[in-house]
Structures are given as structure tokens and as C-alpha cells.
>>> print(open('upload-v6.txt').read())   # compact mmCIF, C-alpha atoms
# COMPACT_ATOMS: atom_id res chain seq x y z
CA MET A 1 -23.49 -21.89 19.93
CA THR A 2 -23.11 -18.81 22.08
CA ALA A 3 -22.47 -16.69 19.00
CA SER A 4 -25.94 -17.37 17.63
CA ASN A 5 -27.52 -16.79 21.04
CA HIS A 6 -25.71 -13.51 21.14
CA ASP A 7 -26.93 -12.74 17.62
CA SER A 8 -30.53 -13.45 18.46
CA GLU A 9 -30.29 -11.37 21.63
CA THR A 10 -28.84 -8.53 19.58
CA GLU A 11 -31.67 -8.93 17.07
CA GLN A 12 -34.27 -8.96 19.83
CA ARG A 13 -32.82 -5.83 21.34
CA GLY A 14 -32.72 -4.23 17.91
CA ARG A 15 -36.41 -4.90 17.33
CA VAL A 16 -37.33 -3.28 20.63
CA LEU A 17 -35.16 -0.25 19.81
CA ILE A 18 -36.79 0.11 16.40
CA GLN A 19 -40.27 0.12 17.93
CA ARG A 20 -39.27 2.76 20.43
CA ILE A 21 -37.60 4.93 17.78
CA LEU A 22 -40.67 4.72 15.57
CA ALA A 23 -42.79 5.61 18.58
CA GLY A 24 -40.83 8.84 18.95
CA GLU A 25 -37.67 8.16 20.93
CA ARG A 26 -35.49 9.33 18.04
CA GLN A 27 -32.27 9.58 20.01
CA LEU A 28 -32.20 5.80 20.38
CA PHE A 29 -31.23 5.60 16.72
CA HIS A 30 -27.63 6.30 17.74
CA GLU A 31 -27.66 3.13 19.80
CA LEU A 32 -29.32 1.12 17.05
CA ILE A 33 -26.87 2.05 14.30
CA ALA A 34 -23.66 1.99 16.36
CA PRO A 35 -23.02 -1.80 16.10
CA CYS A 36 -23.27 -1.54 12.28
CA GLU A 37 -20.89 1.41 11.80
CA ARG A 38 -17.77 -0.59 11.08
CA SER A 39 -19.45 -2.88 8.59
CA ILE A 40 -21.11 0.02 6.78
CA TYR A 41 -17.85 1.90 6.46
CA PHE A 42 -15.71 -1.01 5.32
CA LEU A 43 -18.26 -2.26 2.82
CA LEU A 44 -18.34 1.24 1.32
CA PHE A 45 -14.58 1.60 1.50
CA SER A 46 -14.30 -1.70 -0.37
CA LEU A 47 -16.59 -0.38 -3.11
CA LEU A 48 -15.36 3.21 -3.31
CA ARG A 49 -11.68 2.77 -2.37
CA ASN A 50 -11.51 6.23 -0.92
CA GLU A 51 -11.66 7.05 2.77
CA ALA A 52 -13.36 10.42 2.54
CA GLU A 53 -15.97 9.24 0.08
CA ALA A 54 -16.62 6.06 2.07
CA GLU A 55 -17.17 8.15 5.17
CA ASP A 56 -19.53 10.51 3.39
CA ALA A 57 -21.43 7.56 1.92
CA ALA A 58 -21.56 5.90 5.35
CA GLN A 59 -23.21 9.02 6.79
CA ASP A 60 -25.72 9.12 3.95
CA THR A 61 -26.41 5.42 4.49
CA ALA A 62 -27.11 5.93 8.19
CA ILE A 63 -29.52 8.75 7.36
CA LYS A 64 -31.30 6.60 4.76
CA VAL A 65 -31.59 3.80 7.30
CA TYR A 66 -33.21 6.26 9.69
CA GLN A 67 -35.57 7.67 7.09
CA ASN A 68 -36.63 4.20 5.96
CA LEU A 69 -36.76 2.54 9.33
CA LYS A 70 -40.49 1.94 9.17
CA ASN A 71 -39.95 -0.15 6.03
CA PHE A 72 -37.71 -2.65 7.81
CA ARG A 73 -39.74 -5.83 7.83
CA GLY A 74 -37.74 -7.90 10.25
CA ASP A 75 -37.62 -10.86 7.88
CA SER A 76 -33.88 -10.35 7.53
CA GLN A 77 -31.33 -9.36 10.14
CA PHE A 78 -31.17 -5.66 10.73
CA ARG A 79 -27.47 -5.48 9.85
CA THR A 80 -28.11 -7.33 6.57
CA TRP A 81 -30.80 -4.80 5.68
CA VAL A 82 -28.52 -1.91 6.62
CA LEU A 83 -25.69 -3.31 4.51
CA SER A 84 -27.92 -3.70 1.48
CA ILE A 85 -28.74 0.03 1.83
CA ALA A 86 -25.00 0.76 2.13
CA ARG A 87 -24.28 -1.33 -0.94
CA ASN A 88 -26.93 0.53 -2.97
CA GLU A 89 -25.50 3.83 -1.80
CA GLY A 90 -22.01 2.75 -2.87
CA LEU A 91 -23.12 1.38 -6.23
CA GLY A 92 -25.16 4.53 -6.88
CA ARG A 93 -22.11 6.69 -6.30
CA LEU A 94 -19.98 4.54 -8.59
CA ARG A 95 -22.61 4.71 -11.30
CA LYS A 96 -22.88 8.47 -10.97
CA ALA A 97 -19.13 8.82 -11.23
CA GLY A 98 -19.12 6.46 -14.21
CA THR A 99 -16.44 4.36 -12.60
CA ARG A 100 -18.38 1.16 -12.14
CA ARG A 101 -15.97 -1.52 -13.15
CA GLU A 102 -17.36 -4.47 -14.99
CA ASP A 103 -15.20 -6.98 -13.20
CA SER A 104 -18.13 -7.53 -10.86
CA LEU A 105 -20.18 -9.24 -13.47
CA ASP A 106 -17.99 -12.01 -14.75
CA ALA A 107 -18.01 -14.14 -11.63
CA GLU A 108 -21.78 -14.07 -11.20
CA THR A 109 -22.07 -17.12 -13.38
CA ASP A 110 -18.61 -18.45 -12.78
CA GLU A 111 -18.91 -21.09 -10.10
CA GLN A 112 -15.93 -23.26 -10.88
CA THR A 113 -13.41 -23.48 -8.14
CA GLY A 114 -10.44 -22.83 -10.34
CA ASP A 115 -6.97 -24.17 -9.93
CA TYR A 116 -4.32 -22.21 -8.22
CA THR A 117 -0.84 -22.82 -7.01
CA PRO A 118 -0.37 -21.51 -3.50
CA ALA A 119 2.81 -20.01 -2.16
CA ILE A 120 4.58 -22.96 -0.68
CA LEU A 121 6.52 -22.22 2.45
CA THR A 122 7.16 -24.58 5.25
CA SER A 123 8.63 -22.16 7.70
CA TRP A 124 5.71 -19.84 8.41
CA ARG A 125 3.53 -21.66 10.89
CA GLU A 126 2.65 -19.19 13.55
CA VAL A 127 0.36 -16.20 13.41
CA PRO A 128 2.40 -13.05 13.96
CA LEU A 129 -0.40 -11.33 15.89
CA GLU A 130 2.08 -9.41 18.05
CA ALA A 131 3.57 -8.00 14.87
CA LEU A 132 0.27 -6.23 14.19
CA GLU A 133 1.49 -3.64 16.65
CA ARG A 134 3.82 -2.67 13.87
CA GLN A 135 2.11 -0.53 11.28
CA GLU A 136 3.80 -2.23 8.36
CA LEU A 137 2.07 -5.58 8.80
CA GLY A 138 -1.38 -4.00 8.79
CA ALA A 139 -0.34 -1.95 5.76
CA LEU A 140 0.74 -5.09 3.88
CA LEU A 141 -2.59 -6.78 4.57
CA ARG A 142 -4.61 -3.72 3.59
CA ALA A 143 -2.65 -3.28 0.38
CA ALA A 144 -3.10 -6.93 -0.60
CA ILE A 145 -6.83 -6.76 0.04
CA ALA A 146 -7.09 -3.48 -1.88
CA ARG A 147 -5.54 -5.18 -4.91
CA LEU A 148 -8.14 -7.96 -4.99
CA PRO A 149 -10.78 -7.72 -7.74
CA GLU A 150 -13.87 -6.01 -6.33
CA ILE A 151 -16.05 -9.14 -6.19
CA TYR A 152 -13.49 -10.94 -4.06
CA ARG A 153 -12.70 -7.92 -1.95
CA ASN A 154 -16.34 -7.42 -0.92
CA VAL A 155 -16.72 -11.02 0.15
CA VAL A 156 -13.45 -11.17 2.07
CA LEU A 157 -14.31 -7.93 3.77
CA LEU A 158 -17.65 -9.11 5.08
CA ARG A 159 -16.69 -12.72 5.81
CA ASP A 160 -13.14 -12.47 7.11
CA ILE A 161 -12.82 -8.91 8.31
CA GLU A 162 -16.32 -8.25 9.63
CA GLU A 163 -16.80 -11.97 10.38
CA MET A 164 -20.32 -12.21 9.03
CA ASP A 165 -21.67 -15.66 8.21
CA VAL A 166 -22.17 -16.98 4.68
CA ARG A 167 -25.92 -16.35 4.66
CA GLU A 168 -25.61 -12.78 5.87
CA THR A 169 -22.81 -12.03 3.42
CA ALA A 170 -24.84 -13.45 0.53
CA ALA A 171 -27.87 -11.36 1.52
CA ALA A 172 -25.87 -8.16 1.96
CA LEU A 173 -24.15 -8.52 -1.42
CA GLY A 174 -27.17 -9.88 -3.29
CA ILE A 175 -25.38 -13.05 -4.42
CA THR A 176 -25.89 -16.75 -3.72
CA GLU A 177 -24.29 -18.54 -0.79
CA GLY A 178 -22.45 -20.72 -3.31
CA ALA A 179 -20.94 -17.62 -4.91
CA VAL A 180 -19.85 -16.36 -1.49
CA LYS A 181 -17.99 -19.61 -0.83
CA VAL A 182 -16.32 -19.74 -4.24
CA ARG A 183 -15.24 -16.10 -4.09
CA LEU A 184 -14.02 -16.43 -0.54
CA HIS A 185 -11.94 -19.43 -1.51
CA ARG A 186 -10.38 -17.56 -4.41
CA ALA A 187 -9.79 -14.45 -2.38
CA ARG A 188 -8.04 -16.34 0.39
CA ALA A 189 -5.98 -18.26 -2.15
CA LEU A 190 -4.87 -15.02 -3.82
CA LEU A 191 -4.06 -13.48 -0.45
CA GLN A 192 -2.15 -16.54 0.72
CA LYS A 193 -0.11 -16.50 -2.46
CA GLU A 194 0.74 -12.85 -2.15
CA LEU A 195 1.10 -12.55 1.60
CA ALA A 196 2.71 -15.77 2.73
CA PRO A 197 6.17 -14.89 1.37
CA LYS A 198 5.96 -11.36 2.83
CA LEU A 199 4.52 -12.33 6.18
CA GLU A 200 7.09 -14.99 6.79
CA GLY A 201 9.43 -12.28 7.96
CA PHE A 202 7.00 -11.27 10.70
CA ALA A 203 6.63 -14.72 12.19
CA PRO A 204 8.05 -15.35 15.62
CA LYS A 205 11.02 -17.66 15.82
CA ARG A 206 10.10 -21.21 15.08
CA THR A 207 9.46 -23.31 18.08
CA GLY A 208 9.17 -26.48 16.10
CA MET A 209 7.74 -27.95 12.99
CA PHE A 210 4.16 -27.62 14.19
CA GLY A 211 4.40 -24.28 15.89
CA TRP A 212 0.86 -23.34 14.92
CA PHE A 213 -0.62 -26.15 16.98
CA LYS A 214 1.38 -25.27 20.06
CA GLN A 215 -0.41 -22.12 21.03
CA MET B 1 -8.36 -43.45 -2.50
CA ARG B 2 -5.62 -41.01 -1.74
CA ILE B 3 -6.33 -37.43 -2.71
CA ASP B 4 -3.67 -35.25 -4.28
CA CYS B 5 -2.34 -31.83 -3.22
CA GLN B 6 -4.33 -29.92 -5.84
CA HIS B 7 -7.49 -31.50 -4.48
CA VAL B 8 -6.59 -30.43 -0.95
CA TRP B 9 -5.90 -26.83 -2.05
CA GLN B 10 -9.33 -26.65 -3.69
CA HIS B 11 -11.00 -27.36 -0.37
CA ILE B 12 -8.75 -25.38 1.94
CA SER B 13 -11.13 -22.47 2.45
CA ALA B 14 -14.10 -24.76 3.18
CA TYR B 15 -11.88 -26.87 5.42
CA ILE B 16 -10.89 -23.81 7.48
CA ASP B 17 -14.56 -22.84 7.82
CA GLY B 18 -15.52 -26.38 8.85
CA GLU B 19 -17.68 -26.76 5.77
CA VAL B 20 -16.36 -30.01 4.31
CA ASP B 21 -18.24 -33.23 5.06
CA ALA B 22 -16.83 -35.76 7.47
CA GLU B 23 -15.55 -38.10 4.77
CA LEU B 24 -13.63 -35.41 2.89
CA ARG B 25 -12.32 -33.95 6.14
CA ALA B 26 -10.92 -37.34 7.10
CA GLU B 27 -9.26 -37.69 3.68
CA ILE B 28 -7.75 -34.23 3.95
CA ASP B 29 -6.56 -34.92 7.50
CA ARG B 30 -4.89 -38.14 6.34
CA HIS B 31 -3.20 -36.25 3.52
CA LEU B 32 -2.03 -33.50 5.87
CA GLU B 33 -0.39 -35.98 8.21
CA THR B 34 2.15 -36.88 5.59
CA CYS B 35 2.27 -33.80 3.35
CA GLU B 36 4.41 -31.02 4.76
CA ILE B 37 3.62 -28.76 1.80
CA CYS B 38 -0.14 -28.93 2.18
CA SER B 39 -0.03 -28.48 5.92
CA ALA B 40 2.13 -25.39 5.41
CA VAL B 41 -0.33 -24.05 2.82
CA LEU B 42 -3.18 -24.70 5.23
CA ASP B 43 -1.39 -22.97 8.10
CA SER B 44 -0.42 -19.92 6.10
CA THR B 45 -3.94 -19.57 4.66
CA ARG B 46 -5.39 -19.86 8.14
CA ASN B 47 -2.87 -17.31 9.39
CA VAL B 48 -4.04 -14.85 6.76
CA VAL B 49 -7.65 -15.43 7.84
CA VAL B 50 -6.77 -14.93 11.52
CA LEU B 51 -4.82 -11.75 10.80
CA MET B 52 -7.60 -10.22 8.72
CA ALA B 53 -10.08 -10.68 11.57
CA ASP B 54 -7.92 -8.59 13.89
CA ASP B 55 -9.45 -5.14 14.40
CA ARG B 56 -6.02 -3.54 14.30
CA VAL B 57 -5.69 -4.32 10.59
CA PHE B 58 -8.73 -2.34 9.60
CA GLU B 59 -9.42 0.62 11.83
CA LEU B 60 -12.07 3.25 11.29
CA PRO B 61 -10.65 6.68 10.41
CA ALA B 62 -9.99 8.78 13.53
CA GLY B 63 -13.13 10.66 14.53
CA PHE B 64 -15.38 8.69 12.18
CA SER B 65 -17.90 7.80 14.85
CA GLU B 66 -18.08 11.29 16.32
CA ARG B 67 -18.67 12.84 12.89
CA LEU B 68 -21.32 10.25 12.02
CA HIS B 69 -23.27 10.78 15.21
CA ALA B 70 -22.98 14.56 14.99
CA ARG B 71 -24.49 14.42 11.50
CA LEU B 72 -27.20 12.05 12.74
CA ASP B 73 -28.01 14.47 15.56
CA ARG B 74 -28.65 17.20 13.01
CA GLU B 75 -30.85 14.86 11.00
CA LEU B 76 -32.75 13.59 14.04
CA GLU B 77 -33.61 17.13 14.99
CA LEU B 78 -35.07 17.84 11.58
CA ALA B 79 -37.61 15.08 11.27
CA GLY B 80 -38.79 11.74 12.53
CA PRO B 81 -38.82 8.66 10.31
CA SER B 82 -41.08 9.57 7.40
>>> encode(input="upload-v6.txt", output="C-alpha cells")
Amino acid sequence: MTASNHDSETEQRGRVLIQRILAGERQLFHELIAPCERSIYFLLFSLLRNEAEAEDAAQDTAIKVYQNLKNFRGDSQFRTWVLSIARNEGLGRLRKAGTRREDSLDAETDEQTGDYTPAILTSWREVPLEALERQELGALLRAAIARLPEIYRNVVLLRDIEEMDVRETAAALGITEGAVKVRLHRARALLQKELAPKLEGFAPKRTGMFGWFKQ
Amino acid sequence: MRIDCQHVWQHISAYIDGEVDAELRAEIDRHLETCEICSAVLDSTRNVVVLMADDRVFELPAGFSERLHARLDRELELAGPS
């Protein structure tokens, strides 16, 4: 697939940048870290739930990445390595503040899929992407994601918002690929249940029973 | 064997990600052809996934990048990678 070609090109380019930075071209670090900025921030925002603190932690993460660059072994993707540093930064801050919630632990061993009853609507078929121009739709999505338990929120953030693959998400969060899939399933189910009734109002007028497939 | 709705819901996320095997996919597809409820659940779940991937939903705070790189500049001046 072109996506993986693109990924390997990005990786290749990253490796060259790292060598040059370590050889003294420090300013190239800006270019190296830029593609990871979004993921660093949103992973930290997911953990810390506070914009200012997430930003501060993101800056500290970038500096730690720079200071530890020579320790990057290249056996994982650069972004995965960066995100594990971000995660440690976030967890360290939570620990220091004594606000680490224990809801992260229970699902480590909990691999059952779990039953759920989705919101059943037959009239919301189309994606209201145009409605994203309106602030309220984005706000609804963000609020629903913010209400997810932390373990689900982290996974949904990396998989569905940052569009990382299962392997990369598992590596960044330090969990198994199986756990990523189970948590992602639960997170999406919870979001569907909460959001489907609210988002229905944003959908464009129905063009037919199978509007989704018409685009 | 015909699978039931609950069974379909359990695999919806994997189905959306293309991670169910061919046999199960075919069973789910057969079910979806006749089950309006499950196809609506599938569509709305997929809609949520599509919406979340849109960069307009989660935007970096204004000025985030500038502040990050300004701080990095200060750091880069101080020392090379140790």
C-alpha cells in the first residue's frame, strides 16, 4: 500500500535526519520532531486532560527526545519511541500530582469483548462532515471522547484520531495488540451509543435508505 | 448458520478495520443485507470513526507549534544531545 511506502520513506528520512543532528546539525531537530507534534500533544492531553499542562508536558517531551536522541535504536519507529517518552512524561506528572486513576489497570487482563447494546437509529446514514464547520459538532465529539475511561480514550486517540496502526498504538501505550483491538471496539461502541442520537441532527437530508453508500 | 445481531455488534469494530476473516465477513455481509438495524449500527459507528479522523475535531491550541519550537531553539542553543 502507498501508506506503508510513505511510512518507510518517512522513517528513512528520519534516520538520515537523526544522523545529521547527532553529527552537529542541531537545527534539524525542528524538522525531525514536527511530524510528531500533534500525536505528542493529544496523547498527553488524553492523559492529563488539561490543555496548558499537556502543552507544557509536550515541550518537556520534545526536549527529552532531543537529549536522548543518541539512545534511539531504530528497532522501533521513531514516532513510537517518541510517544513512549510522551507517555512516561504524562504518567510521571500524574503520579507526582497523585491523580493517577486506577481505572487503567482493570482492563489489562480483561480481554473479553463484552456485550453492549448500540444506539439503534435507522435514519443517520451519512457522515455530516460539512457540519464540522460548525463548532458544536466538534465540541460534541470532544466531550464524548473526554468522558471515555482513560484506557479507552488513549487507544481511540491514537488509532482513530491520529490514525496510527494497531502495532504502533500497542507499542506506544505498552499494551498488547489484542488489548488495543478490544479497547478500540469498546470505545467505538460507547461513542456510537452516546453520539449517534446527538449526531443524527447534523446529518444532511436523507437521499435514500442507503445514503452512506451513495457518496 | 445464521449469525444474530449481538454477534454482528461484537465484530463491528474489526469489520470496519477490515480485520475479520473472509468467512466471518461473508456471514456479516449476508446478515447486513437483510438487517436494517445492524446496517444502521454499522453506518453510525463508521460515521463516528470517520468524524474523529477529521483534523477539525481535534486542533492544536493556537500558537502551540510556535511556542514549542521557540522553547526548542533555546534548548538547542544550550547543548547538543548528551
>>> axis_aligned_box(input="upload-v6.txt", around="region 53-59 of chain B", padding_each_side="8 Å", output="lines of an AutoDock Vina configuration file")
center_x = -7.9
center_y = -5.0
center_z = 12.0
size_x = 20.4
size_y = 27.3
size_z = 20.8
>>> closest_residue(input="upload-v6.txt", among="B:Leu76, B:Cys5, B:Ala22, B:Leu51", to="Cys35 (chain B)", atoms="all atoms listed in the file")
B:Cys5
>>> residues_around(input="upload-v6.txt", residues="region 88-92 of chain A", least_positions_apart="3", cutoff="7 Å", atoms="only C-alpha atoms", output="PyMOL selection string")
chain A and resi 44+47-48+57+61+84-85+95-96
>>> closest_residue(input="upload-v6.txt", among="A:Glu194, A:Asp165, A:Asp160, A:Glu11", to="chain B", atoms="only C-alpha atoms")
A:Asp160
>>> interface_residues(input="upload-v6.txt", of="chain B", to="chain A", cutoff="6 Å", atoms="all atoms listed in the file", output="list of chain:residue names")
B:Ser13, B:Ala40, B:Asp43, B:Thr45, B:Asn47, B:Met52, B:Ala53, B:Val57, B:Leu68, B:Pro81, B:Ser82
>>> atom_distance(input="upload-v6.txt", atom1="CA of Leu28 (chain A)", atom2="CA of Arg56 (chain B)")
28.5 Å
>>> residues_around(input="upload-v6.txt", residues="Phe72 (chain A)", least_positions_apart="5", cutoff="10 Å", atoms="all atoms listed in the file", output="count of residues only")
7
>>> residues_around(input="upload-v6.txt", residues="Ile16 (chain B)", least_positions_apart="3", cutoff="10 Å", atoms="only C-alpha atoms", output="JSON, numbers by chain")
{"B": [11, 12, 13, 19, 20, 42, 43, 45, 46, 49]}
>>> atom_distance(input="upload-v6.txt", atom1="CA of Thr34 (chain B)", atom2="CA of Val50 (chain B)")
24.4 Å
>>> atom_distance(input="upload-v6.txt", atom1="CA of Leu158 (chain A)", atom2="CA of Ala179 (chain A)")
13.5 Å
>>> closest_residue(input="upload-v6.txt", among="A:Ala143, A:Val155, A:Met164, A:Ile175", to="Phe58 (chain B)", atoms="only C-alpha atoms")
A:Ala143
>>> closest_residue(input="upload-v6.txt", among="B:Val41, B:Ala62, B:Asp4, B:Val48", to="Glu27 (chain B)", atoms="all atoms listed in the file")
B:Asp4
>>> residues_around(input="upload-v6.txt", residues="Thr176 (chain A)", least_positions_apart="5", cutoff="10 Å", atoms="only C-alpha atoms", output="ChimeraX atom specification")
/A:108,166-167,169-171,181
>>> decode(input="upload-v6.txt", residues="region 50-84 of chain A", atoms="N, CA and C atoms", output="JSON list (two decimals), in the first residue's frame")
[["chain", "number", "residue", "atom", "x", "y", "z"],
["A", 50, "ASN", "N", -5.83, 18.49, 30.40],
["A", 50, "ASN", "CA", -5.70, 19.92, 30.65],
["A", 50, "ASN", "C", -4.79, 20.50, 29.58],
["A", 51, "GLU", "N", -5.29, 21.47, 28.85],
["A", 51, "GLU", "CA", -4.55, 22.00, 27.71],
["A", 51, "GLU", "C", -3.19, 22.56, 28.06],
["A", 52, "ALA", "N", -3.16, 23.40, 29.10],
["A", 52, "ALA", "CA", -1.90, 24.07, 29.44],
["A", 52, "ALA", "C", -0.87, 23.05, 29.91],
["A", 53, "GLU", "N", -1.32, 22.09, 30.72],
["A", 53, "GLU", "CA", -0.38, 21.09, 31.22],
["A", 53, "GLU", "C", 0.09, 20.16, 30.10],
["A", 54, "ALA", "N", -0.84, 19.83, 29.19],
["A", 54, "ALA", "CA", -0.46, 18.97, 28.06],
["A", 54, "ALA", "C", 0.57, 19.68, 27.19],
["A", 55, "GLU", "N", 0.39, 20.98, 27.03],
["A", 55, "GLU", "CA", 1.36, 21.72, 26.21],
["A", 55, "GLU", "C", 2.73, 21.77, 26.88],
["A", 56, "ASP", "N", 2.72, 22.02, 28.17],
["A", 56, "ASP", "CA", 3.98, 22.07, 28.92],
["A", 56, "ASP", "C", 4.67, 20.70, 28.86],
["A", 57, "ALA", "N", 3.89, 19.65, 29.05],
["A", 57, "ALA", "CA", 4.45, 18.30, 29.01],
["A", 57, "ALA", "C", 4.94, 17.96, 27.61],
["A", 58, "ALA", "N", 4.26, 18.46, 26.59],
["A", 58, "ALA", "CA", 4.68, 18.21, 25.20],
["A", 58, "ALA", "C", 6.04, 18.86, 24.95],
["A", 59, "GLN", "N", 6.24, 20.06, 25.49],
["A", 59, "GLN", "CA", 7.53, 20.73, 25.33],
["A", 59, "GLN", "C", 8.63, 19.96, 26.06],
["A", 60, "ASP", "N", 8.33, 19.51, 27.27],
["A", 60, "ASP", "CA", 9.33, 18.73, 28.01],
["A", 60, "ASP", "C", 9.64, 17.43, 27.28],
["A", 61, "THR", "N", 8.61, 16.82, 26.68],
["A", 61, "THR", "CA", 8.83, 15.59, 25.93],
["A", 61, "THR", "C", 9.78, 15.83, 24.77],
["A", 62, "ALA", "N", 9.52, 16.91, 24.01],
["A", 62, "ALA", "CA", 10.37, 17.19, 22.85],
["A", 62, "ALA", "C", 11.82, 17.40, 23.28],
["A", 63, "ILE", "N", 12.01, 18.05, 24.42],
["A", 63, "ILE", "CA", 13.37, 18.28, 24.91],
["A", 63, "ILE", "C", 14.02, 16.95, 25.33],
["A", 64, "LYS", "N", 13.23, 16.09, 25.98],
["A", 64, "LYS", "CA", 13.78, 14.78, 26.36],
["A", 64, "LYS", "C", 14.13, 13.94, 25.14],
["A", 65, "VAL", "N", 13.31, 14.05, 24.11],
["A", 65, "VAL", "CA", 13.61, 13.33, 22.86],
["A", 65, "VAL", "C", 14.96, 13.81, 22.33],
["A", 66, "TYR", "N", 15.14, 15.11, 22.33],
["A", 66, "TYR", "CA", 16.39, 15.69, 21.84],
["A", 66, "TYR", "C", 17.58, 15.22, 22.69],
["A", 67, "GLN", "N", 17.42, 15.30, 24.00],
["A", 67, "GLN", "CA", 18.53, 14.93, 24.88],
["A", 67, "GLN", "C", 18.88, 13.45, 24.79],
["A", 68, "ASN", "N", 17.89, 12.63, 24.44],
["A", 68, "ASN", "CA", 18.12, 11.18, 24.41],
["A", 68, "ASN", "C", 18.25, 10.61, 23.00],
["A", 69, "LEU", "N", 18.38, 11.50, 22.05],
["A", 69, "LEU", "CA", 18.34, 11.06, 20.65],
["A", 69, "LEU", "C", 19.37, 9.96, 20.34],
["A", 70, "LYS", "N", 20.51, 10.05, 20.99],
["A", 70, "LYS", "CA", 21.55, 9.06, 20.66],
["A", 70, "LYS", "C", 21.15, 7.66, 21.16],
["A", 71, "ASN", "N", 20.17, 7.61, 22.04],
["A", 71, "ASN", "CA", 19.73, 6.30, 22.54],
["A", 71, "ASN", "C", 18.66, 5.64, 21.67],
["A", 72, "PHE", "N", 18.19, 6.37, 20.67],
["A", 72, "PHE", "CA", 17.17, 5.77, 19.79],
["A", 72, "PHE", "C", 17.84, 4.70, 18.95],
["A", 73, "ARG", "N", 17.32, 3.49, 19.05],
["A", 73, "ARG", "CA", 17.98, 2.34, 18.44],
["A", 73, "ARG", "C", 17.52, 2.05, 17.01],
["A", 74, "GLY", "N", 16.38, 2.61, 16.65],
["A", 74, "GLY", "CA", 15.92, 2.35, 15.29],
["A", 74, "GLY", "C", 15.25, 1.00, 15.13],
["A", 75, "ASP", "N", 15.04, 0.26, 16.25],
["A", 75, "ASP", "CA", 14.34, -1.02, 16.12],
["A", 75, "ASP", "C", 12.83, -0.80, 16.24],
["A", 76, "SER", "N", 12.42, 0.40, 16.60],
["A", 76, "SER", "CA", 11.00, 0.73, 16.53],
["A", 76, "SER", "C", 10.89, 1.98, 15.67],
["A", 77, "GLN", "N", 9.66, 2.33, 15.30],
["A", 77, "GLN", "CA", 9.50, 3.56, 14.54],
["A", 77, "GLN", "C", 9.83, 4.75, 15.45],
["A", 78, "PHE", "N", 10.34, 5.77, 14.84],
["A", 78, "PHE", "CA", 10.71, 6.95, 15.62],
["A", 78, "PHE", "C", 9.51, 7.51, 16.40],
["A", 79, "ARG", "N", 8.37, 7.61, 15.71],
["A", 79, "ARG", "CA", 7.19, 8.18, 16.38],
["A", 79, "ARG", "C", 6.75, 7.33, 17.57],
["A", 80, "THR", "N", 6.87, 6.00, 17.43],
["A", 80, "THR", "CA", 6.51, 5.11, 18.53],
["A", 80, "THR", "C", 7.42, 5.38, 19.74],
["A", 81, "TRP", "N", 8.70, 5.55, 19.46],
["A", 81, "TRP", "CA", 9.66, 5.82, 20.53],
["A", 81, "TRP", "C", 9.35, 7.18, 21.18],
["A", 82, "VAL", "N", 9.06, 8.15, 20.36],
["A", 82, "VAL", "CA", 8.72, 9.49, 20.87],
["A", 82, "VAL", "C", 7.47, 9.41, 21.76],
["A", 83, "LEU", "N", 6.47, 8.67, 21.31],
["A", 83, "LEU", "CA", 5.23, 8.59, 22.07],
["A", 83, "LEU", "C", 5.40, 7.84, 23.38],
["A", 84, "SER", "N", 6.35, 6.89, 23.41],
["A", 84, "SER", "CA", 6.55, 6.22, 24.69],
["A", 84, "SER", "C", 7.22, 7.19, 25.68]]
